[in-house]
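For reference, start_1.txt is printed below; it contains compact mmCIF, C-alpha atoms and all ligand atoms.
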# COMPACT_ATOMS: atom_id res chain seq x y z
CA MET H 1 15.13 -46.06 44.65
CA ALA H 2 18.86 -45.67 45.21
CA GLY H 3 20.23 -42.24 46.17
CA PRO H 4 22.17 -40.52 47.52
CA TYR H 5 19.37 -38.12 48.34
CA ARG H 6 18.85 -34.71 49.91
CA ILE H 7 16.98 -35.55 53.12
CA ALA H 8 15.38 -33.13 55.57
CA ILE H 9 14.54 -34.41 59.05
CA ARG H 10 11.97 -32.65 61.21
CA GLY H 11 12.61 -33.01 64.96
CA ALA H 12 15.83 -33.61 66.89
CA GLY H 13 14.72 -36.07 69.58
CA VAL H 14 16.28 -39.50 69.75
CA THR H 15 14.27 -40.62 66.69
CA GLY H 16 15.34 -37.73 64.46
CA LEU H 17 18.98 -37.86 65.58
CA TRP H 18 19.27 -41.58 64.83
CA GLN H 19 17.71 -40.99 61.41
CA ALA H 20 20.20 -38.20 60.73
CA LEU H 21 23.21 -40.19 61.90
CA THR H 22 22.33 -43.30 59.93
CA LEU H 23 21.43 -41.50 56.71
CA ALA H 24 24.41 -39.11 56.82
CA ARG H 25 26.82 -41.97 57.44
CA ARG H 26 25.36 -43.75 54.41
CA GLY H 27 26.25 -40.83 52.15
CA HIS H 28 22.97 -38.91 51.99
CA SER H 29 22.93 -35.14 52.34
CA VAL H 30 21.08 -34.47 55.61
CA ILE H 31 19.63 -31.38 57.26
CA VAL H 32 17.81 -31.57 60.62
CA VAL H 33 15.39 -28.84 61.69
CA GLU H 34 14.26 -28.61 65.32
CA GLN H 35 11.67 -26.16 66.63
CA SER H 36 13.28 -25.57 70.03
CA ALA H 37 15.97 -22.93 70.26
CA GLU H 38 18.02 -25.14 72.60
CA PRO H 39 18.61 -28.90 72.15
CA PHE H 40 16.11 -31.29 73.82
CA THR H 41 14.13 -28.64 75.71
CA GLU H 42 10.81 -29.54 74.01
CA ALA H 43 11.42 -33.26 73.46
CA CYS H 44 10.19 -36.34 75.27
CA SER H 45 13.59 -37.96 74.86
CA PRO H 46 15.50 -36.56 77.89
CA TRP H 47 12.76 -37.96 80.17
CA ALA H 48 13.51 -41.58 79.26
CA GLY H 49 15.01 -44.23 81.59
CA ALA H 50 16.67 -45.20 79.26
CA MET H 51 16.55 -48.97 79.40
CA LEU H 52 17.16 -51.00 76.27
CA ALA H 53 14.94 -53.83 77.45
CA PRO H 54 13.34 -55.70 74.55
CA ARG H 55 12.85 -58.86 76.59
CA CYS H 56 11.30 -57.32 79.69
CA GLU H 57 9.12 -55.02 77.60
CA GLU H 58 7.54 -58.04 75.92
CA GLU H 59 5.56 -58.54 79.11
CA SER H 60 3.30 -55.75 77.84
CA ALA H 61 4.42 -55.06 74.25
CA GLU H 62 3.97 -56.79 70.91
CA PRO H 63 6.60 -59.37 69.83
CA VAL H 64 7.75 -56.99 67.08
CA VAL H 65 9.16 -54.70 69.79
CA ARG H 66 11.39 -57.52 71.05
CA GLU H 67 12.43 -58.54 67.53
CA LEU H 68 13.37 -55.00 66.47
CA GLY H 69 14.73 -54.15 69.91
CA MET H 70 17.35 -56.89 69.83
CA ARG H 71 18.71 -55.26 66.65
CA GLY H 72 18.39 -51.85 68.32
CA ILE H 73 20.77 -52.96 71.09
CA GLN H 74 23.32 -54.17 68.51
CA LEU H 75 23.22 -50.79 66.75
CA TRP H 76 23.71 -48.87 70.03
CA GLN H 77 26.59 -51.20 70.95
CA ALA H 78 28.28 -50.45 67.62
CA ALA H 79 27.77 -46.68 67.91
CA TYR H 80 27.88 -45.65 71.57
CA PRO H 81 30.90 -46.35 73.77
CA ASP H 82 29.11 -45.51 77.04
CA LEU H 83 26.33 -48.05 76.64
CA VAL H 84 26.17 -50.28 79.73
CA SER H 85 25.57 -53.90 78.71
CA ALA H 86 25.00 -55.48 82.13
CA GLY H 87 21.55 -57.02 81.65
CA SER H 88 18.57 -56.29 83.86
CA LEU H 89 16.85 -57.82 86.89
CA VAL H 90 13.19 -58.31 87.84
CA VAL H 91 12.18 -58.93 91.46
CA ALA H 92 8.96 -59.13 93.49
CA PRO H 93 8.26 -59.29 97.22
CA ALA H 94 7.47 -62.86 98.39
CA ARG H 95 3.73 -62.04 98.64
CA ASP H 96 3.72 -61.07 94.94
CA ARG H 97 5.62 -64.14 93.71
CA LYS H 98 2.82 -64.90 91.22
CA LEU H 99 3.64 -61.66 89.43
CA LEU H 100 7.20 -62.88 88.92
CA ASP H 101 5.96 -66.23 87.61
CA ARG H 102 3.64 -64.44 85.20
CA PHE H 103 6.42 -62.11 84.06
CA GLU H 104 8.60 -65.14 83.30
CA ARG H 105 5.83 -66.73 81.24
CA MET H 106 5.18 -63.53 79.27
CA THR H 107 8.84 -62.98 78.29
CA GLN H 108 11.73 -64.87 76.70
CA GLY H 109 15.41 -65.17 77.56
CA GLY H 110 15.23 -64.61 81.31
CA SER H 111 16.95 -66.95 83.76
CA ARG H 112 15.81 -67.61 87.34
CA LEU H 113 18.39 -66.71 89.97
CA ASP H 114 18.42 -68.08 93.48
CA ALA H 115 19.45 -65.91 96.45
CA GLU H 116 23.13 -66.86 96.13
CA GLN H 117 23.26 -65.98 92.43
CA LEU H 118 21.39 -62.75 93.11
CA GLU H 119 23.86 -61.84 95.85
CA GLN H 120 26.74 -62.28 93.40
CA LEU H 121 25.08 -60.09 90.77
CA GLU H 122 23.69 -57.29 92.97
CA PRO H 123 25.05 -57.60 96.52
CA GLY H 124 22.44 -56.50 99.05
CA LEU H 125 19.30 -57.36 97.09
CA SER H 126 19.28 -60.96 98.30
CA SER H 127 18.57 -59.84 101.88
CA ARG H 128 15.10 -58.75 100.68
CA PHE H 129 14.47 -61.00 97.65
CA ASP H 130 15.27 -64.71 97.47
CA THR H 131 14.79 -65.06 93.73
CA ALA H 132 14.92 -62.87 90.61
CA LEU H 133 14.71 -63.00 86.83
CA PHE H 134 17.87 -62.00 84.98
CA TYR H 135 17.84 -60.83 81.34
CA ALA H 136 21.53 -60.94 80.49
CA ASP H 137 21.45 -59.38 77.03
CA GLU H 138 19.64 -56.14 77.89
CA ALA H 139 21.41 -52.78 78.28
CA HIS H 140 20.89 -49.21 79.48
CA LEU H 141 22.29 -45.71 79.16
CA ASP H 142 22.03 -42.17 80.51
CA PRO H 143 19.67 -40.47 78.04
CA SER H 144 21.06 -36.93 78.34
CA ALA H 145 24.64 -38.06 77.75
CA ALA H 146 23.52 -40.25 74.85
CA LEU H 147 21.53 -37.41 73.23
CA ASP H 148 24.53 -35.05 73.48
CA PHE H 149 26.70 -37.78 71.95
CA LEU H 150 24.25 -38.34 69.07
CA LEU H 151 24.05 -34.61 68.29
CA THR H 152 27.85 -34.37 68.12
CA GLU H 153 28.09 -37.48 65.95
CA VAL H 154 25.35 -36.24 63.61
CA ARG H 155 27.33 -33.05 62.98
CA SER H 156 30.59 -35.00 62.61
CA ALA H 157 28.90 -37.16 59.97
CA GLY H 158 28.30 -34.02 57.89
CA ALA H 159 24.65 -33.30 58.68
CA VAL H 160 23.50 -29.73 59.28
CA VAL H 161 21.38 -29.20 62.42
CA GLN H 162 19.28 -26.04 62.75
CA PHE H 163 17.52 -25.11 66.02
CA GLY H 164 14.58 -22.74 66.27
CA VAL H 165 13.06 -23.86 62.92
CA SER H 166 9.55 -25.31 62.76
CA ASP H 167 8.49 -24.81 59.13
CA THR H 168 8.41 -27.71 56.67
CA PRO H 169 11.79 -27.73 54.88
CA GLN H 170 11.79 -27.06 51.12
CA GLY H 171 13.93 -28.57 48.35
CA ALA H 172 14.57 -32.03 49.80
CA ASP H 173 14.04 -35.29 47.91
CA PHE H 174 12.58 -36.80 51.10
CA ILE H 175 11.30 -35.35 54.35
CA VAL H 176 11.52 -37.63 57.40
CA ASP H 177 9.08 -36.39 60.03
CA CYS H 178 10.28 -37.28 63.55
CA ARG H 179 8.34 -34.59 65.40
CA GLY H 180 6.96 -36.93 68.05
CA LEU H 181 3.77 -35.44 69.46
CA GLY H 182 4.36 -32.35 67.28
CA ALA H 183 3.09 -34.45 64.33
CA GLN H 184 -0.43 -34.65 65.77
CA ASP H 185 -1.39 -31.97 63.21
CA MET H 186 -0.93 -34.60 60.46
CA LEU H 187 -1.36 -37.85 62.40
CA PRO H 188 -4.77 -37.59 64.08
CA THR H 189 -4.56 -40.95 65.91
CA LEU H 190 -1.26 -40.11 67.61
CA ARG H 191 -1.68 -39.59 71.37
CA GLY H 192 0.50 -38.73 74.36
CA VAL H 193 1.06 -41.04 77.33
CA ARG H 194 2.41 -39.22 80.36
CA GLY H 195 5.36 -40.76 82.19
CA GLU H 196 6.44 -39.39 85.58
CA ARG H 197 9.85 -40.02 87.04
CA ILE H 198 12.16 -39.04 89.88
CA VAL H 199 15.94 -38.73 89.76
CA VAL H 200 17.82 -39.28 93.04
CA ARG H 201 21.41 -39.34 94.19
CA ALA H 202 22.20 -42.08 96.65
CA PRO H 203 25.83 -42.39 97.75
CA GLU H 204 25.12 -45.58 99.71
CA ILE H 205 23.41 -47.54 96.94
CA ALA H 206 25.40 -49.21 94.19
CA PHE H 207 23.17 -51.14 91.80
CA GLU H 208 24.82 -51.74 88.44
CA ARG H 209 21.87 -52.61 86.23
CA PRO H 210 18.18 -51.70 85.85
CA ILE H 211 15.93 -53.39 88.41
CA ARG H 212 12.17 -53.79 88.01
CA LEU H 213 10.09 -54.26 91.13
CA LEU H 214 6.77 -55.94 90.33
CA HIS H 215 3.77 -54.75 92.28
CA PRO H 216 0.00 -55.15 91.66
CA ARG H 217 -0.66 -51.40 91.73
CA PHE H 218 2.55 -49.41 91.26
CA PRO H 219 5.41 -51.25 89.61
CA LEU H 220 8.77 -49.47 89.75
CA TYR H 221 11.91 -49.58 87.74
CA LEU H 222 15.22 -48.14 88.72
CA VAL H 223 17.97 -47.28 86.22
CA PRO H 224 21.54 -46.51 87.37
CA TRP H 225 22.81 -43.41 85.56
CA GLY H 226 26.41 -43.49 86.79
CA LYS H 227 27.91 -40.92 89.14
CA ASP H 228 27.37 -37.17 89.51
CA GLU H 229 30.16 -34.61 89.95
CA THR H 230 30.42 -35.40 93.69
CA GLY H 231 30.94 -39.09 92.97
CA ALA H 232 27.48 -40.10 94.27
CA ASN H 233 25.49 -42.72 92.36
CA VAL H 234 22.49 -41.34 90.46
CA PHE H 235 19.32 -43.35 89.79
CA MET H 236 16.19 -42.75 87.78
CA LEU H 237 13.03 -44.06 89.44
CA GLY H 238 10.18 -44.55 87.02
CA ALA H 239 7.74 -44.44 85.63
CA THR H 240 4.02 -43.92 85.58
CA SER H 241 1.98 -44.52 82.45
CA ILE H 242 -1.04 -42.22 82.39
CA GLU H 243 -3.40 -41.47 79.51
CA ARG H 244 -2.81 -37.72 79.63
CA GLU H 245 -0.90 -35.41 77.32
CA ASP H 246 0.46 -32.79 79.69
CA GLY H 247 4.05 -32.92 80.88
CA GLY H 248 3.49 -30.74 83.94
CA PRO H 249 4.78 -31.38 87.45
CA ILE H 250 4.53 -34.87 88.95
CA THR H 251 1.52 -35.47 91.23
CA LEU H 252 1.92 -36.11 94.93
CA ARG H 253 0.30 -39.55 94.52
CA SER H 254 2.78 -40.59 91.83
CA ALA H 255 5.73 -39.29 93.84
CA LEU H 256 4.54 -41.20 96.93
CA GLU H 257 4.10 -44.42 94.93
CA LEU H 258 7.48 -44.22 93.20
CA LEU H 259 9.33 -43.33 96.39
CA SER H 260 7.53 -46.00 98.45
CA ALA H 261 8.41 -48.63 95.87
CA ALA H 262 12.05 -47.52 95.90
CA PHE H 263 12.02 -47.88 99.67
CA VAL H 264 10.72 -51.47 99.31
CA LEU H 265 13.53 -52.23 96.88
CA ASP H 266 16.15 -50.90 99.28
CA PRO H 267 15.43 -49.02 102.55
CA ALA H 268 18.72 -47.15 102.03
CA PHE H 269 16.77 -45.03 99.51
CA GLY H 270 15.39 -43.33 102.64
CA GLU H 271 18.65 -41.38 102.76
CA ALA H 272 18.74 -40.59 99.02
CA GLU H 273 18.49 -36.97 97.86
CA ILE H 274 15.92 -36.00 95.24
CA VAL H 275 17.55 -34.27 92.28
CA THR H 276 14.53 -33.72 90.00
CA LEU H 277 10.89 -34.75 89.69
CA GLY H 278 8.93 -34.37 86.47
CA ALA H 279 7.02 -35.86 83.59
CA GLY H 280 7.53 -36.45 79.87
CA VAL H 281 4.88 -37.40 77.32
CA ARG H 282 5.46 -40.42 75.09
CA PRO H 283 4.18 -40.33 71.50
CA ALA H 284 2.02 -43.41 70.81
CA PHE H 285 -0.45 -44.76 68.27
CA PRO H 286 -3.62 -46.48 69.56
CA ASP H 287 -1.99 -49.94 69.50
CA ASN H 288 1.30 -48.63 70.97
CA ARG H 289 3.23 -49.98 67.97
CA PRO H 290 5.93 -47.97 66.17
CA ARG H 291 5.17 -46.88 62.62
CA ILE H 292 6.94 -45.72 59.47
CA ILE H 293 4.30 -44.12 57.25
CA THR H 294 5.31 -43.26 53.69
CA SER H 295 3.53 -40.93 51.33
CA SER H 296 5.23 -39.67 48.13
CA GLY H 297 8.48 -38.29 49.50
CA TYR H 298 7.18 -37.68 53.06
CA ILE H 299 8.02 -40.30 55.69
CA PHE H 300 6.74 -40.28 59.27
CA VAL H 301 8.69 -42.15 61.94
CA ASN H 302 6.62 -42.02 65.08
CA GLY H 303 4.74 -43.80 67.87
CA LEU H 304 7.85 -45.11 69.61
CA TYR H 305 5.94 -44.95 72.90
CA ARG H 306 7.96 -46.57 75.75
CA HIS H 307 10.67 -47.71 73.33
CA GLY H 308 12.14 -44.65 71.65
CA PHE H 309 15.73 -45.31 72.73
CA LEU H 310 15.44 -49.01 72.09
CA LEU H 311 13.92 -48.73 68.62
CA SER H 312 15.19 -45.46 67.09
CA PRO H 313 18.41 -47.00 65.64
CA VAL H 314 16.55 -49.83 63.96
CA MET H 315 13.83 -47.47 62.68
CA ALA H 316 16.64 -45.46 61.07
CA GLU H 317 18.16 -48.56 59.54
CA MET H 318 14.76 -49.50 58.09
CA VAL H 319 14.22 -46.03 56.58
CA ALA H 320 17.70 -46.11 54.99
CA HIS H 321 17.03 -49.57 53.60
CA TYR H 322 13.69 -48.43 52.22
CA LEU H 323 15.22 -45.38 50.51
CA GLU H 324 18.00 -47.44 48.99
CA THR H 325 16.07 -50.56 47.98
CA GLY H 326 12.33 -49.89 48.35
CA ILE H 327 12.09 -52.85 50.76
CA THR H 328 9.79 -52.43 53.77
CA HIS H 329 9.14 -54.28 57.02
CA PRO H 330 5.54 -55.52 56.83
CA GLU H 331 4.75 -54.93 60.51
CA VAL H 332 6.15 -51.40 60.67
CA PHE H 333 5.58 -49.69 57.32
CA ILE H 334 2.27 -48.26 56.24
CA ALA H 335 2.14 -47.03 52.66
CA ASP H 336 -1.47 -45.89 52.63
CA PHE H 337 -1.53 -42.39 54.08
CA GLY H 338 -5.24 -42.84 54.85
CA GLN H 339 -4.36 -45.44 57.54
CA ARG H 340 -2.24 -43.06 59.50
C1 LIG H 401 9.27 -41.33 81.88
C2 LIG H 401 9.69 -41.96 80.58
C3 LIG H 401 10.51 -43.08 80.58
C4 LIG H 401 10.91 -43.66 79.38
N1 LIG H 401 11.78 -44.72 79.42
C5 LIG H 401 12.21 -45.27 78.26
C6 LIG H 401 13.12 -46.35 78.28
O1 LIG H 401 13.53 -46.80 79.35
N2 LIG H 401 13.55 -46.87 77.11
C7 LIG H 401 13.13 -46.38 75.89
O2 LIG H 401 13.55 -46.89 74.85
N3 LIG H 401 12.24 -45.35 75.84
C8 LIG H 401 11.77 -44.80 76.99
N4 LIG H 401 10.87 -43.78 76.96
C9 LIG H 401 10.28 -43.40 75.67
C10 LIG H 401 11.13 -42.44 74.86
O3 LIG H 401 11.56 -41.38 75.68
C11 LIG H 401 10.31 -41.92 73.68
O4 LIG H 401 9.79 -42.99 72.92
C12 LIG H 401 11.19 -41.06 72.77
O5 LIG H 401 11.80 -40.03 73.49
C13 LIG H 401 10.43 -40.47 71.61
O6 LIG H 401 11.38 -39.77 70.86
P1 LIG H 401 11.02 -38.89 69.59
O7 LIG H 401 12.31 -38.40 69.06
O8 LIG H 401 10.14 -39.68 68.69
O9 LIG H 401 10.15 -37.70 70.16
P2 LIG H 401 10.68 -36.40 70.96
O10 LIG H 401 11.80 -36.76 71.87
O11 LIG H 401 9.50 -35.73 71.56
O12 LIG H 401 11.31 -35.51 69.82
C14 LIG H 401 10.49 -34.82 68.89
C15 LIG H 401 11.17 -33.51 68.55
O13 LIG H 401 10.46 -32.87 67.49
C16 LIG H 401 10.46 -31.49 67.74
N5 LIG H 401 9.38 -30.85 66.96
C17 LIG H 401 8.05 -30.83 67.21
N6 LIG H 401 7.42 -30.12 66.27
C18 LIG H 401 8.37 -29.66 65.41
C19 LIG H 401 8.35 -28.86 64.21
N7 LIG H 401 7.20 -28.37 63.69
N8 LIG H 401 9.51 -28.62 63.57
C20 LIG H 401 10.69 -29.09 64.07
N9 LIG H 401 10.77 -29.83 65.20
C21 LIG H 401 9.62 -30.12 65.85
C22 LIG H 401 10.26 -31.40 69.25
O14 LIG H 401 10.64 -30.12 69.75
C23 LIG H 401 11.16 -32.52 69.73
O15 LIG H 401 12.48 -32.06 69.97
C24 LIG H 401 10.45 -43.14 78.14
C25 LIG H 401 9.64 -42.01 78.13
C26 LIG H 401 9.25 -41.42 79.33
C27 LIG H 401 8.38 -40.18 79.30
Starting from the file, lay out its structure as structure tokens.
Ligand SMILES: Cc1cc2nc3c(=O)[nH]c(=O)nc-3n(C[C@H](O)[C@H](O)[C@H](O)COP(=O)(O)OP(=O)(O)OC[C@H]3O[C@@H](n4cnc5c(N)ncnc54)[C@H](O)[C@@H]3O)c2cc1C
Amino acid sequence: MAGPYRIAIRGAGVTGLWQALTLARRGHSVIVVEQSAEPFTEACSPWAGAMLAPRCEEESAEPVVRELGMRGIQLWQAAYPDLVSAGSLVVAPARDRKLLDRFERMTQGGSRLDAEQLEQLEPGLSSRFDTALFYADEAHLDPSAALDFLLTEVRSAGAVVQFGVSDTPQGADFIVDCRGLGAQDMLPTLRGVRGERIVVRAPEIAFERPIRLLHPRFPLYLVPWGKDETGANVFMLGATSIEREDGGPITLRSALELLSAAFVLDPAFGEAEIVTLGAGVRPAFPDNRPRIITSSGYIFVNGLYRHGFLLSPVMAEMVAHYLETGITHPEVFIADFGQR
């Protein structure tokens, strides 16, 4: 294996765009085909947080997600000027302190802050929380802005992107299938996990980094997405994780839980304005691990679950490395198509 190759990529979500960018920049001839007529209208990707949180995610994910995710952050940092590298915070009300202790035990790289340190990092939070966990090397971004950026960069790197095309491309040396849930026709174990979220604008709240609020029943995370056109701060409040495949409207119960948790984090959210409510559906394999499945010229990259933004750059790097050298990552690659 060496190349350069003619590569066709199916699907222009965050996974497909990172594949296209990486492969085109490495000298391969790349075409991307996307079924939707308009960018990102049928993708899970715009629904993401999008936290790049390999350390916090280890509380519920396999160690491989942290290992790959740390590389994922480096690749975003090298490629995307608007990435915010401000770390992330985890807090819990005093009555749920055991949840914070458990979170600390289940993760690596977090440091305990006292109220004074918390006040310096996120002024205002220390009036409600007297301790927090801080993960300094995590990052976040606004997913819509990042997707627009990736699409522009993919084209600048020489790749052709066609919208409104769903057929399998012909004439390529390799097809990289990044169709997310659209690949269920060929990947029978792939499932969707519904994630509901609310976007609010809150002129009086000024958090600079993602904050997770631990709770026994409805944990919340909040991601700052910068300012809107009026100068008000915008936040994503998320997200549920429900074993259902429909991306329809958010339920009243989920909205109540997310909004109540936001109110616990900061009562000033009572004055926030709701911009959008909705749900995306995450593509996941039964063990929630990402996979690269190879089968004579056809390569699936899928199952990025809660970690599509975090992992898509490193999945692209691994596919490029595989095409150029034949080398595979033992925990991610599956060569036997029967195991898909
Ligand atoms: C509420 C929520 C919060 C999340 N938060 C985070 C987070 O904080 N951090 C993080 O890293 N991840 C997060 N995620 C997960 C992340 O959004 C997903 O892992 C990621 O978007 C999956 O991307 P994808 O490109 O694989 O799939 P998709 O974005 O679904 O893209 C697949 C594309 O393939 C296209 N397609 C389908 N069939 C065909 C066909 N036949 N031909 C051509 N094109 C086709 C689709 O139209 C679509 O555009 C979150 C997800 C949700 C729902």
Problem - Site check for ligand LIG 401 (chain H): residues at most 7 Å away, only C-alpha atoms and all ligand atoms, as a PyMOL selection string - result: chain H and resi 10-16+33-36+40-52+165-167+178-183+194-197+238-240+279-283+302-311
Practice task
Using all atoms listed in the file, determine which residues lie at most 9 Å from H:Val176, disregarding the query and same-chain residues fewer than 3 positions distant; provide the list as a VMD selection string.
Solution key: chain H and resid 7 to 11 16 19 297 to 301 319
Close residues, H:Thr189 itself excluded, 9 Å, only C-alpha atoms, min 4 positions apart in chain, as a tab-separated table (two decimals) with C-alpha atoms, keeping the file's coordinate frame:
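Output below, filename selection_25.tsv:
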chain	number	residue	atom	x	y	z
H	184	GLN	CA	-0.43	-34.65	65.77
H	284	ALA	CA	2.02	-43.41	70.81
H	285	PHE	CA	-0.45	-44.76	68.27
H	286	PRO	CA	-3.62	-46.48	69.56
H	340	ARG	CA	-2.24	-43.06	59.50
Handout entry: atom CA of H:Ala172 to atom CA of H:Ser29, straight-line distance in Å
Key =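 Interatomic distance, atom CA of H:Ser29 to atom CA of H:Ala172: 9.3 Å.
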Problem - Selected residue, from H:Leu89, H:Ile327, H:Ala139, H:Val332, that lies nearest to H:Glu62 when counting all atoms listed in the file - result: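 Going through H:Leu89, H:Ile327, H:Ala139, H:Val332 one by one, the smallest distance to H:Glu62 is for H:Val332.
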Exercise for the section: Check the smallest atom-to-atom distance from each of H:Glu38, H:Glu122, H:Glu57, H:Glu257 to H:Pro216 using all atoms listed in the file, then report the winner. Expected result: H:Glu257
Practice task
Quick one: everything within 10 Å of H:Leu75, counting all atoms listed in the file, minus sequence neighbours fewer than 5 positions away in the same chain. Send it as an NGL selection string.
Solution key: :H and (69-70 or 80 or 310-314 or 317)
Problem - Nearest candidate to H:Ala272 (options H:Ser88, H:Thr251, H:Asn233, H:Thr294; using all atoms listed in the file) - result: H:Asn233
Practice task
Just give me the residues with any atom within 10 Å of (18.8, -39.4, 47.0), file coordinates, counting only C-alpha atoms, written as an NGL selection string.
Solution key: :H and (1-7 or 27-29 or 172-174 or 323-324)
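The smallest atom-to-atom distance between H:Glu204 and any of H:Lys227, H:Arg289, H:Arg55, H:Lys98, using only C-alpha atoms, is found for H:Lys227.
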Problem - Length of the atom CA of H:Asp185 to atom CA of H:Ala316 vector [Å] - result: 22.6 Å
Show me, as JSON, the centre and edge lengths in Å to one decimal of the axis-aligned box that covers every listed atom of stretch 307-311 of chain H with 4 Å on each side.
{"center_x": 13.2, "center_y": -46.8, "center_z": 71.0, "size_x": 13.1, "size_y": 12.4, "size_z": 12.7}
Handout entry: Which of H:Ile334, H:Leu121, H:Leu220, H:Val32 sits closest to H:Ala92 [using all atoms listed in the file]
Key = H:Leu220
Practice task
For atom CA of H:Ile31 and atom CA of H:Pro143, quote the distance in Å rounded to one decimal.
Solution key: 22.7 Å
